[in-house]
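Visitor: Structure file start_24.txt, compact mmCIF, C-alpha atoms, is pasted below:
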# COMPACT_ATOMS: atom_id res chain seq x y z
CA MET B 1 122.13 117.68 84.43
CA ALA B 2 118.67 118.59 83.18
CA MET B 3 116.03 115.89 83.19
CA ALA B 4 115.40 116.46 79.49
CA LEU B 5 117.09 118.59 76.85
CA LEU B 6 114.62 120.93 75.19
CA LEU B 7 115.81 120.54 71.61
CA GLY B 8 113.34 119.12 69.10
CA GLY B 9 109.85 118.36 67.91
CA CYS B 10 107.59 115.41 68.58
CA ALA B 11 105.53 112.63 67.08
CA VAL B 12 103.58 109.97 68.89
CA SER B 13 103.34 106.53 67.29
CA ASN B 14 101.10 105.29 70.09
CA PRO B 15 98.57 108.03 70.90
CA PRO B 16 98.52 109.06 74.57
CA PRO B 17 95.57 107.89 76.63
CA VAL B 18 92.75 110.40 76.95
CA VAL B 19 92.74 111.59 80.53
CA ASP B 20 89.41 112.58 82.03
CA LEU B 21 90.07 113.48 85.65
CA TYR B 22 86.40 113.47 86.57
CA GLY B 23 85.59 109.82 86.16
CA LYS B 24 84.76 109.12 82.53
CA SER B 25 87.78 107.52 80.92
CA SER B 26 90.96 107.77 82.97
CA ARG B 27 93.38 104.91 82.40
CA SER B 28 94.15 102.65 85.34
CA GLN B 29 96.40 100.11 83.61
CA PRO B 30 99.78 100.81 82.01
CA VAL B 31 100.11 100.82 78.23
CA THR B 32 102.00 97.68 77.23
CA SER B 33 102.39 98.08 73.47
CA GLY B 34 103.49 100.69 70.99
CA SER B 35 105.91 103.54 71.49
CA HIS B 36 106.18 107.26 72.18
CA LYS B 37 108.51 109.74 70.48
CA VAL B 38 109.87 112.22 73.04
CA ALA B 39 108.64 115.78 72.56
CA ARG B 40 110.40 118.96 73.56
CA GLY B 41 109.92 119.62 77.28
CA GLU B 42 108.99 116.05 78.23
CA THR B 43 110.77 114.06 80.91
CA LEU B 44 110.85 110.34 81.55
CA TYR B 45 108.70 111.03 84.62
CA SER B 46 105.95 112.76 82.62
CA ILE B 47 105.91 110.02 79.98
CA ALA B 48 105.73 107.33 82.66
CA TRP B 49 102.91 109.25 84.36
CA ARG B 50 100.96 109.58 81.11
CA TYR B 51 101.16 105.88 80.23
CA GLY B 52 100.71 104.47 83.74
CA TRP B 53 104.27 103.19 84.22
CA ASP B 54 106.69 103.32 87.11
CA TYR B 55 109.50 105.52 85.81
CA LYS B 56 112.18 103.06 86.97
CA SER B 57 110.54 100.18 85.11
CA LEU B 58 110.17 102.30 81.97
CA ALA B 59 113.82 103.31 82.20
CA ARG B 60 114.94 99.67 82.53
CA ALA B 61 112.75 98.62 79.60
CA ASN B 62 114.49 101.21 77.41
CA GLY B 63 118.05 100.92 78.74
CA ILE B 64 117.99 104.41 80.24
CA LYS B 65 120.20 104.91 83.28
CA ALA B 66 119.96 107.49 86.08
CA PRO B 67 119.60 110.48 85.99
CA TYR B 68 117.10 109.38 83.30
CA THR B 69 117.99 112.02 80.72
CA ILE B 70 116.00 111.72 77.50
CA TYR B 71 116.10 113.68 74.25
CA PRO B 72 113.54 115.04 71.77
CA GLY B 73 113.05 112.51 69.00
CA GLN B 74 114.08 109.55 71.18
CA VAL B 75 111.64 106.64 70.99
CA ILE B 76 110.35 105.19 74.26
CA ARG B 77 108.93 101.70 73.81
CA PHE B 78 106.28 99.93 75.87
CA SER B 79 106.41 96.16 75.91
CA SER B 80 104.42 93.43 77.65
CA ARG B 81 106.29 90.24 78.52
CA ALA B 82 104.19 87.10 78.44
CA ALA B 83 103.92 85.27 81.73
CA PRO B 84 105.76 81.92 81.76
CA ALA B 85 103.60 78.88 81.10
CA PRO B 86 102.68 77.03 84.31
CA LYS B 87 104.70 73.93 84.95
CA THR B 88 102.62 70.75 84.80
CA ARG B 89 103.46 67.68 86.79
CA PRO B 90 104.10 64.67 84.49
CA ARG B 91 101.71 61.79 84.85
CA SER B 92 103.09 58.48 86.07
CA THR B 93 103.19 55.73 83.42
CA ALA B 94 103.54 52.90 85.95
CA SER B 95 100.65 50.42 85.97
CA SER B 96 98.90 49.24 89.10
CA SER B 97 96.86 46.15 89.75
CA LYS B 98 94.74 47.93 92.36
CA PRO B 99 91.76 49.95 91.20
CA ALA B 100 91.99 53.65 91.88
CA ALA B 101 90.14 54.75 94.98
CA LYS B 102 87.33 57.21 94.51
CA PRO B 103 88.29 60.67 95.74
CA VAL B 104 86.57 61.89 98.86
CA VAL B 105 84.95 65.25 98.22
CA LYS B 106 84.84 67.48 101.26
CA PRO B 107 82.85 70.67 101.37
CA VAL B 108 85.06 73.73 101.27
CA ALA B 109 84.02 76.90 103.04
CA LYS B 110 83.82 79.92 100.76
CA PRO B 111 86.64 82.28 101.69
CA ALA B 112 85.77 85.79 102.76
CA PRO B 113 86.68 88.50 100.24
CA PRO B 114 90.12 89.93 101.03
CA ALA B 115 90.21 93.36 102.61
CA ALA B 116 91.90 96.11 100.63
CA PRO B 117 95.52 96.35 101.77
CA LYS B 118 96.37 99.45 103.75
CA VAL B 119 98.78 101.73 101.95
CA VAL B 120 101.79 102.56 104.11
CA SER B 121 104.04 105.45 103.11
CA ASN B 122 107.44 106.48 104.41
CA VAL B 123 106.71 110.03 103.22
CA ARG B 124 105.27 112.55 105.65
CA TRP B 125 102.42 114.16 103.70
CA ARG B 126 100.55 117.42 104.18
CA TRP B 127 97.58 118.98 102.41
CA PRO B 128 98.69 120.78 99.22
CA ALA B 129 96.02 123.49 99.41
CA ASP B 130 93.24 124.89 101.57
CA GLY B 131 89.69 124.53 100.34
CA GLU B 132 86.70 122.25 100.00
CA LEU B 133 87.20 118.65 98.92
CA VAL B 134 85.00 118.40 95.81
CA GLN B 135 86.24 115.15 94.25
CA ARG B 136 87.37 111.91 95.88
CA PHE B 137 89.68 109.22 94.56
CA SER B 138 88.08 106.16 92.97
CA SER B 139 89.64 102.72 92.64
CA ALA B 140 87.25 101.87 89.79
CA GLY B 141 88.83 101.54 86.39
CA SER B 142 86.99 104.61 85.10
CA GLY B 143 87.19 106.68 88.29
CA PRO B 144 89.28 109.75 89.10
CA ARG B 145 92.90 109.03 89.95
CA GLY B 146 93.20 111.69 92.63
CA ILE B 147 91.29 114.29 94.63
CA ALA B 148 90.13 117.80 93.76
CA ILE B 149 90.25 120.75 96.16
CA ALA B 150 88.21 123.83 95.23
CA GLY B 151 89.48 127.32 95.99
CA ARG B 152 89.91 130.83 94.66
CA ARG B 153 92.15 131.77 91.75
CA GLY B 154 95.62 132.70 92.95
CA ALA B 155 95.40 130.74 96.23
CA SER B 156 98.60 129.00 97.30
CA VAL B 157 99.46 125.47 96.19
CA VAL B 158 102.23 123.98 98.32
CA ALA B 159 104.45 120.90 98.11
CA ALA B 160 102.81 118.01 99.96
CA ALA B 161 106.25 116.74 101.08
CA ASP B 162 109.96 117.34 100.53
CA GLY B 163 111.12 116.40 97.05
CA THR B 164 112.46 117.35 93.63
CA VAL B 165 110.44 118.86 90.78
CA VAL B 166 110.74 116.38 87.89
CA TYR B 167 108.16 117.88 85.52
CA LYS B 168 106.80 121.34 84.83
CA GLY B 169 104.58 121.92 81.82
CA VAL B 170 101.33 121.48 79.92
CA GLY B 171 102.12 118.32 77.95
CA LEU B 172 99.69 115.94 79.66
CA THR B 173 96.17 116.14 78.25
CA GLY B 174 93.56 117.04 80.84
CA TYR B 175 95.96 118.26 83.54
CA GLY B 176 96.49 121.86 82.43
CA LYS B 177 99.55 123.49 83.97
CA LEU B 178 101.11 120.60 85.87
CA LEU B 179 103.90 119.96 88.35
CA ILE B 180 105.20 116.49 89.30
CA ILE B 181 107.39 116.08 92.39
CA LYS B 182 109.54 113.05 93.15
CA HIS B 183 109.74 112.35 96.89
CA ASN B 184 111.85 109.19 96.78
CA ASP B 185 112.36 106.16 94.52
CA ARG B 186 108.76 104.97 95.04
CA TRP B 187 106.60 108.05 95.60
CA LEU B 188 105.56 110.88 93.28
CA SER B 189 102.88 113.54 93.58
CA ALA B 190 101.20 115.74 90.97
CA TYR B 191 99.52 119.18 91.11
CA ALA B 192 97.25 120.02 88.16
CA HIS B 193 95.17 122.94 86.79
CA ASN B 194 97.47 125.59 88.24
CA ASP B 195 97.41 129.24 87.19
CA ASN B 196 101.11 130.04 87.73
CA LEU B 197 103.98 127.57 88.25
CA LEU B 198 106.55 129.04 90.66
CA VAL B 199 109.31 126.40 90.61
CA LYS B 200 111.51 124.90 87.90
CA GLU B 201 112.47 121.37 86.94
CA GLY B 202 115.28 119.99 89.07
CA GLU B 203 114.51 122.35 91.96
CA GLN B 204 114.53 120.91 95.48
CA VAL B 205 111.39 121.87 97.39
CA LYS B 206 110.41 121.60 101.04
CA SER B 207 107.11 120.43 102.49
CA GLY B 208 104.75 123.42 102.66
CA GLN B 209 106.76 125.49 100.17
CA LYS B 210 104.59 127.48 97.74
CA ILE B 211 105.06 125.92 94.31
CA ALA B 212 102.11 127.28 92.30
CA THR B 213 98.90 129.27 92.43
CA MET B 214 95.49 127.68 92.02
CA GLY B 215 93.75 128.10 88.67
CA SER B 216 91.47 126.47 86.14
CA SER B 217 93.87 125.44 83.38
CA GLY B 218 92.54 122.32 81.68
CA THR B 219 89.33 122.23 83.71
CA PHE B 220 85.97 123.94 84.17
CA ARG B 221 86.45 125.49 87.62
CA THR B 222 89.16 126.86 89.87
CA GLN B 223 90.59 123.90 91.76
CA LEU B 224 93.66 121.80 92.44
CA HIS B 225 93.69 118.23 91.18
CA PHE B 226 96.15 116.31 93.39
CA GLU B 227 97.49 112.80 92.85
CA ILE B 228 99.90 110.51 94.68
CA ARG B 229 101.48 107.53 92.94
CA ARG B 230 103.48 104.66 94.38
CA ASP B 231 105.62 102.70 91.91
CA GLY B 232 103.68 104.36 89.10
CA GLN B 233 100.23 103.37 90.39
CA PRO B 234 97.68 105.90 91.74
CA VAL B 235 96.75 105.57 95.41
CA ASP B 236 94.07 107.34 97.42
CA PRO B 237 95.66 110.45 98.95
CA LEU B 238 93.10 110.82 101.75
CA PRO B 239 94.36 108.01 104.06
CA LEU B 240 97.88 109.43 103.70
CA LEU B 241 97.00 113.05 104.43
CA PRO B 242 96.50 114.30 108.01
CA LYS B 243 92.91 114.64 109.13
CA LYS B 244 91.59 118.17 108.93
CA PRO B 245 90.47 119.73 112.23
Just give me the structure of the file as structure tokens.
Guide:
Amino acid sequence: MAMALLLGGCAVSNPPPVVDLYGKSSRSQPVTSGSHKVARGETLYSIAWRYGWDYKSLARANGIKAPYTIYPGQVIRFSSRAAPAPKTRPRSTASSSKPAAKPVVKPVAKPAPPAAPKVVSNVRWRWPADGELVQRFSSAGSGPRGIAIAGRRGASVVAAADGTVVYKGVGLTGYGKLLIIKHNDRWLSAYAHNDNLLVKEGEQVKSGQKIATMGSSGTFRTQLHFEIRRDGQPVDPLPLLPKKP
């Protein structure tokens, strides 16, 4: 069954975040209020990608079951649940004839800042294109969410791992002609600014299979913008990719 039926028009009650892939205003936190009316050609995966959600969490929040079929005109809601109030320990009301002892204050060593956790993936990744690395991933809130690989127009863009194409289109602002591939329940990858898209939604692809040609759609130069997301959150692709010789 198709991931989305291409039947109707669209309206957005909560405007999509502006995506600047080169470090000015990309969103790093999921949208937790408002709603989105499904447009023709959108899938749950592309909507989750746009608003910074894990597609499974977004499906649960809206009562959508696998295979996550959505329809034009359907309203997808984003909600933020308040964290439970911390439990406080009740004070004792019993009286005591003994005066309270003064607390002994011991110096506490300042803990060292925690090291960034190493991202471990059960997906075997490969480089999605040949060319010069011209943009690195940034973990800063306003930094780029992926890497950019420069190349010539028409050069091959290949699947970075086995998976299923879950989005093909131009509906995400700033990405141009975009493909999103689902590799398993936790991992997705995206390929932006393509010239030609050579696969269709729902198609199974193999690692290294040609899926698009490099272009400059939605950007100022010929390049591939490549992202990897785990549970909806962007991660740095470089530690996951094999080192180039």
Visitor: Have a look at CA of Gly131 in chain B and CA of Arg152 in chain B and let me know their distance in Å, one decimal.
Guide: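 Separating CA of Gly131 in chain B from CA of Arg152 in chain B is a distance of 8.5 Å.
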Visitor: At most 12 Å from (106.0, 131.9, 84.1), file frame, all atoms listed in the file: which residues, as a list of chain:residue names?
Guide: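 Checked against the point, the hits come out as B:Lys168, B:Gly169, B:Lys177, B:Asn194, B:Asp195, B:Asn196, B:Leu197, B:Leu198, B:Val199, B:Lys200, B:Ile211, B:Ala212, B:Thr213.
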Visitor: Rounded to one decimal, what separation in Å do you get between CA of Leu178 in chain B and CA of Gly218 in chain B?
Guide: 9.7 Å
Visitor: Would you please work out which residue, of B:Gln223, B:Asn184, B:Ser189, B:Asn122, is nearest to Arg153 in chain B when using all atoms listed in the file?
Guide: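 Under the stated criterion, the closest residue is B:Gln223.
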Visitor: Hey, what's within 9 Å of range 154-165 of chain B if we count all atoms listed in the file and toss same-chain stuff fewer than 5 positions away? As number ranges by chain, please?
Guide: B: 123-130, 179-184, 188-189, 191, 194-196, 199-215, 224, 241
Visitor: Those same residues, written as a PDB file, in the coordinates of the input with C-alpha atoms?
Guide:
ATOM      1  CA  VAL B 123     106.710 110.030 103.220  1.00  0.00           C
ATOM      2  CA  ARG B 124     105.270 112.550 105.650  1.00  0.00           C
ATOM      3  CA  TRP B 125     102.420 114.160 103.700  1.00  0.00           C
ATOM      4  CA  ARG B 126     100.550 117.420 104.180  1.00  0.00           C
ATOM      5  CA  TRP B 127      97.580 118.980 102.410  1.00  0.00           C
ATOM      6  CA  PRO B 128      98.690 120.780  99.220  1.00  0.00           C
ATOM      7  CA  ALA B 129      96.020 123.490  99.410  1.00  0.00           C
ATOM      8  CA  ASP B 130      93.240 124.890 101.570  1.00  0.00           C
ATOM      9  CA  LEU B 179     103.900 119.960  88.350  1.00  0.00           C
ATOM     10  CA  ILE B 180     105.200 116.490  89.300  1.00  0.00           C
ATOM     11  CA  ILE B 181     107.390 116.080  92.390  1.00  0.00           C
ATOM     12  CA  LYS B 182     109.540 113.050  93.150  1.00  0.00           C
ATOM     13  CA  HIS B 183     109.740 112.350  96.890  1.00  0.00           C
ATOM     14  CA  ASN B 184     111.850 109.190  96.780  1.00  0.00           C
ATOM     15  CA  LEU B 188     105.560 110.880  93.280  1.00  0.00           C
ATOM     16  CA  SER B 189     102.880 113.540  93.580  1.00  0.00           C
ATOM     17  CA  TYR B 191      99.520 119.180  91.110  1.00  0.00           C
ATOM     18  CA  ASN B 194      97.470 125.590  88.240  1.00  0.00           C
ATOM     19  CA  ASP B 195      97.410 129.240  87.190  1.00  0.00           C
ATOM     20  CA  ASN B 196     101.110 130.040  87.730  1.00  0.00           C
ATOM     21  CA  VAL B 199     109.310 126.400  90.610  1.00  0.00           C
ATOM     22  CA  LYS B 200     111.510 124.900  87.900  1.00  0.00           C
ATOM     23  CA  GLU B 201     112.470 121.370  86.940  1.00  0.00           C
ATOM     24  CA  GLY B 202     115.280 119.990  89.070  1.00  0.00           C
ATOM     25  CA  GLU B 203     114.510 122.350  91.960  1.00  0.00           C
ATOM     26  CA  GLN B 204     114.530 120.910  95.480  1.00  0.00           C
ATOM     27  CA  VAL B 205     111.390 121.870  97.390  1.00  0.00           C
ATOM     28  CA  LYS B 206     110.410 121.600 101.040  1.00  0.00           C
ATOM     29  CA  SER B 207     107.110 120.430 102.490  1.00  0.00           C
ATOM     30  CA  GLY B 208     104.750 123.420 102.660  1.00  0.00           C
ATOM     31  CA  GLN B 209     106.760 125.490 100.170  1.00  0.00           C
ATOM     32  CA  LYS B 210     104.590 127.480  97.740  1.00  0.00           C
ATOM     33  CA  ILE B 211     105.060 125.920  94.310  1.00  0.00           C
ATOM     34  CA  ALA B 212     102.110 127.280  92.300  1.00  0.00           C
ATOM     35  CA  THR B 213      98.900 129.270  92.430  1.00  0.00           C
ATOM     36  CA  MET B 214      95.490 127.680  92.020  1.00  0.00           C
ATOM     37  CA  GLY B 215      93.750 128.100  88.670  1.00  0.00           C
ATOM     38  CA  LEU B 224      93.660 121.800  92.440  1.00  0.00           C
ATOM     39  CA  LEU B 241      97.000 113.050 104.430  1.00  0.00           C
TER      40      LEU B 241
END
Visitor: I need the residue nearest Gly232 in chain B from this list: B:Val166, B:Ile47, B:Ala148, B:Val120. Use all atoms listed in the file for the distance.
Guide: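 Selected residue with least distance to Gly232 in chain B: B:Ile47.
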Visitor: Rounded to one decimal, what separation in Å do you get between CA of Ile70 in chain B and CA of Gly171 in chain B?
Guide: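 Computing it gives 15.4 Å between the two atoms.
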Visitor: Using all atoms listed in the file, which of B:Lys65, B:Ser138, B:Tyr71, B:Ser46 sits nearest Tyr175 in chain B?
Guide: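 Result for the nearest residue to Tyr175 in chain B: B:Ser46.
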Visitor: Between B:Arg60, B:Arg40, B:Arg50, B:Arg230, which one has atoms that come closest to Leu172 in chain B, using only C-alpha atoms?
Guide: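 Between B:Arg60, B:Arg40, B:Arg50, B:Arg230, the residue approaching Leu172 in chain B most closely is B:Arg50.
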Visitor: How big is the axis-aligned box around the listed atoms of range 43-57 of chain B once 3 Å is added on each side, and where is its centre? Give both in Å to one decimal, as JSON.
Guide:
{"center_x": 106.4, "center_y": 107.1, "center_z": 83.5, "size_x": 17.5, "size_y": 19.9, "size_z": 13.1}
Visitor: Identify which of the residues B:Thr43, B:Pro242, B:Asp231, B:Phe226 lies closest to Asp185 in chain B, counting all atoms listed in the file when measuring atom-to-atom distances.
Guide: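 Selected residue with least distance to Asp185 in chain B: B:Asp231.
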Visitor: Between B:His225, B:His193, B:Lys56, B:Lys37, which residue has the minimum interatomic distance to Pro144 in chain B, considering only C-alpha atoms?
Guide: B:His225
Visitor: Since fewer atoms than expected are present, regenerate N, CA, C and O atoms for range 59-83 of chain B and write them as a PDB file, in the frame of the given file.
Guide:
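Everything below was put into rebuild-v8.pdb:
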ATOM      1  N   ALA B  59     112.404 103.078  82.490  1.00  0.00           N
ATOM      2  CA  ALA B  59     113.820 103.310  82.200  1.00  0.00           C
ATOM      3  C   ALA B  59     114.536 101.984  81.916  1.00  0.00           C
ATOM      4  O   ALA B  59     115.311 101.871  80.952  1.00  0.00           O
ATOM      5  N   ARG B  60     114.290 100.971  82.749  1.00  0.00           N
ATOM      6  CA  ARG B  60     114.940  99.670  82.530  1.00  0.00           C
ATOM      7  C   ARG B  60     114.527  99.071  81.197  1.00  0.00           C
ATOM      8  O   ARG B  60     115.353  98.519  80.470  1.00  0.00           O
ATOM      9  N   ALA B  61     113.244  99.197  80.847  1.00  0.00           N
ATOM     10  CA  ALA B  61     112.750  98.620  79.600  1.00  0.00           C
ATOM     11  C   ALA B  61     113.393  99.262  78.374  1.00  0.00           C
ATOM     12  O   ALA B  61     113.431  98.654  77.300  1.00  0.00           O
ATOM     13  N   ASN B  62     113.895 100.488  78.536  1.00  0.00           N
ATOM     14  CA  ASN B  62     114.490 101.210  77.410  1.00  0.00           C
ATOM     15  C   ASN B  62     115.988 101.439  77.560  1.00  0.00           C
ATOM     16  O   ASN B  62     116.575 102.198  76.784  1.00  0.00           O
ATOM     17  N   GLY B  63     116.600 100.799  78.561  1.00  0.00           N
ATOM     18  CA  GLY B  63     118.050 100.920  78.740  1.00  0.00           C
ATOM     19  C   GLY B  63     118.498 102.316  79.113  1.00  0.00           C
ATOM     20  O   GLY B  63     119.601 102.727  78.749  1.00  0.00           O
ATOM     21  N   ILE B  64     117.656 103.048  79.836  1.00  0.00           N
ATOM     22  CA  ILE B  64     117.990 104.410  80.240  1.00  0.00           C
ATOM     23  C   ILE B  64     118.454 104.392  81.691  1.00  0.00           C
ATOM     24  O   ILE B  64     117.761 103.895  82.567  1.00  0.00           O
ATOM     25  N   LYS B  65     119.626 104.923  81.931  1.00  0.00           N
ATOM     26  CA  LYS B  65     120.200 104.910  83.280  1.00  0.00           C
ATOM     27  C   LYS B  65     119.995 106.265  83.956  1.00  0.00           C
ATOM     28  O   LYS B  65     119.764 107.279  83.302  1.00  0.00           O
ATOM     29  N   ALA B  66     120.058 106.248  85.298  1.00  0.00           N
ATOM     30  CA  ALA B  66     119.960 107.490  86.080  1.00  0.00           C
ATOM     31  C   ALA B  66     121.047 108.443  85.605  1.00  0.00           C
ATOM     32  O   ALA B  66     122.153 108.000  85.291  1.00  0.00           O
ATOM     33  N   PRO B  67     120.784 109.746  85.496  1.00  0.00           N
ATOM     34  CA  PRO B  67     119.600 110.480  85.990  1.00  0.00           C
ATOM     35  C   PRO B  67     118.424 110.536  85.023  1.00  0.00           C
ATOM     36  O   PRO B  67     117.661 111.490  85.030  1.00  0.00           O
ATOM     37  N   TYR B  68     118.277 109.537  84.160  1.00  0.00           N
ATOM     38  CA  TYR B  68     117.100 109.380  83.300  1.00  0.00           C
ATOM     39  C   TYR B  68     116.935 110.535  82.298  1.00  0.00           C
ATOM     40  O   TYR B  68     115.829 110.997  82.040  1.00  0.00           O
ATOM     41  N   THR B  69     118.044 110.976  81.733  1.00  0.00           N
ATOM     42  CA  THR B  69     117.990 112.020  80.720  1.00  0.00           C
ATOM     43  C   THR B  69     117.473 111.443  79.411  1.00  0.00           C
ATOM     44  O   THR B  69     117.927 110.390  78.964  1.00  0.00           O
ATOM     45  N   ILE B  70     116.507 112.115  78.804  1.00  0.00           N
ATOM     46  CA  ILE B  70     116.000 111.720  77.500  1.00  0.00           C
ATOM     47  C   ILE B  70     116.046 112.916  76.568  1.00  0.00           C
ATOM     48  O   ILE B  70     116.215 114.060  77.006  1.00  0.00           O
ATOM     49  N   TYR B  71     115.892 112.655  75.250  1.00  0.00           N
ATOM     50  CA  TYR B  71     116.100 113.680  74.250  1.00  0.00           C
ATOM     51  C   TYR B  71     114.932 113.746  73.280  1.00  0.00           C
ATOM     52  O   TYR B  71     114.340 112.711  72.945  1.00  0.00           O
ATOM     53  N   PRO B  72     114.583 114.931  72.790  1.00  0.00           N
ATOM     54  CA  PRO B  72     113.540 115.040  71.770  1.00  0.00           C
ATOM     55  C   PRO B  72     113.869 114.145  70.573  1.00  0.00           C
ATOM     56  O   PRO B  72     114.997 114.102  70.102  1.00  0.00           O
ATOM     57  N   GLY B  73     112.862 113.430  70.110  1.00  0.00           N
ATOM     58  CA  GLY B  73     113.050 112.510  69.000  1.00  0.00           C
ATOM     59  C   GLY B  73     113.374 111.088  69.430  1.00  0.00           C
ATOM     60  O   GLY B  73     113.250 110.154  68.631  1.00  0.00           O
ATOM     61  N   GLN B  74     113.792 110.893  70.673  1.00  0.00           N
ATOM     62  CA  GLN B  74     114.080 109.550  71.180  1.00  0.00           C
ATOM     63  C   GLN B  74     112.782 108.757  71.284  1.00  0.00           C
ATOM     64  O   GLN B  74     111.737 109.290  71.657  1.00  0.00           O
ATOM     65  N   VAL B  75     112.833 107.477  70.950  1.00  0.00           N
ATOM     66  CA  VAL B  75     111.640 106.640  70.990  1.00  0.00           C
ATOM     67  C   VAL B  75     111.629 105.827  72.278  1.00  0.00           C
ATOM     68  O   VAL B  75     112.582 105.107  72.582  1.00  0.00           O
ATOM     69  N   ILE B  76     110.557 105.965  73.037  1.00  0.00           N
ATOM     70  CA  ILE B  76     110.350 105.190  74.260  1.00  0.00           C
ATOM     71  C   ILE B  76     109.365 104.079  73.937  1.00  0.00           C
ATOM     72  O   ILE B  76     108.254 104.347  73.477  1.00  0.00           O
ATOM     73  N   ARG B  77     109.759 102.856  74.172  1.00  0.00           N
ATOM     74  CA  ARG B  77     108.930 101.700  73.810  1.00  0.00           C
ATOM     75  C   ARG B  77     108.259 101.106  75.040  1.00  0.00           C
ATOM     76  O   ARG B  77     108.838 101.081  76.118  1.00  0.00           O
ATOM     77  N   PHE B  78     107.040 100.619  74.823  1.00  0.00           N
ATOM     78  CA  PHE B  78     106.280  99.930  75.870  1.00  0.00           C
ATOM     79  C   PHE B  78     106.131  98.482  75.427  1.00  0.00           C
ATOM     80  O   PHE B  78     105.684  98.222  74.317  1.00  0.00           O
ATOM     81  N   SER B  79     106.504  97.565  76.284  1.00  0.00           N
ATOM     82  CA  SER B  79     106.410  96.160  75.910  1.00  0.00           C
ATOM     83  C   SER B  79     105.786  95.369  77.042  1.00  0.00           C
ATOM     84  O   SER B  79     105.971  95.685  78.210  1.00  0.00           O
ATOM     85  N   SER B  80     105.056  94.308  76.680  1.00  0.00           N
ATOM     86  CA  SER B  80     104.420  93.430  77.650  1.00  0.00           C
ATOM     87  C   SER B  80     105.028  92.049  77.512  1.00  0.00           C
ATOM     88  O   SER B  80     104.922  91.431  76.456  1.00  0.00           O
ATOM     89  N   ARG B  81     105.690  91.570  78.557  1.00  0.00           N
ATOM     90  CA  ARG B  81     106.290  90.240  78.520  1.00  0.00           C
ATOM     91  C   ARG B  81     105.256  89.202  78.935  1.00  0.00           C
ATOM     92  O   ARG B  81     104.603  89.337  79.962  1.00  0.00           O
ATOM     93  N   ALA B  82     105.151  88.163  78.134  1.00  0.00           N
ATOM     94  CA  ALA B  82     104.190  87.100  78.440  1.00  0.00           C
ATOM     95  C   ALA B  82     104.604  86.362  79.693  1.00  0.00           C
ATOM     96  O   ALA B  82     105.792  86.127  79.932  1.00  0.00           O
ATOM     97  N   ALA B  83     103.628  86.023  80.517  1.00  0.00           N
ATOM     98  CA  ALA B  83     103.920  85.270  81.730  1.00  0.00           C
ATOM     99  C   ALA B  83     104.362  83.859  81.350  1.00  0.00           C
ATOM    100  O   ALA B  83     103.883  83.296  80.373  1.00  0.00           O
TER     101      ALA B  83
END
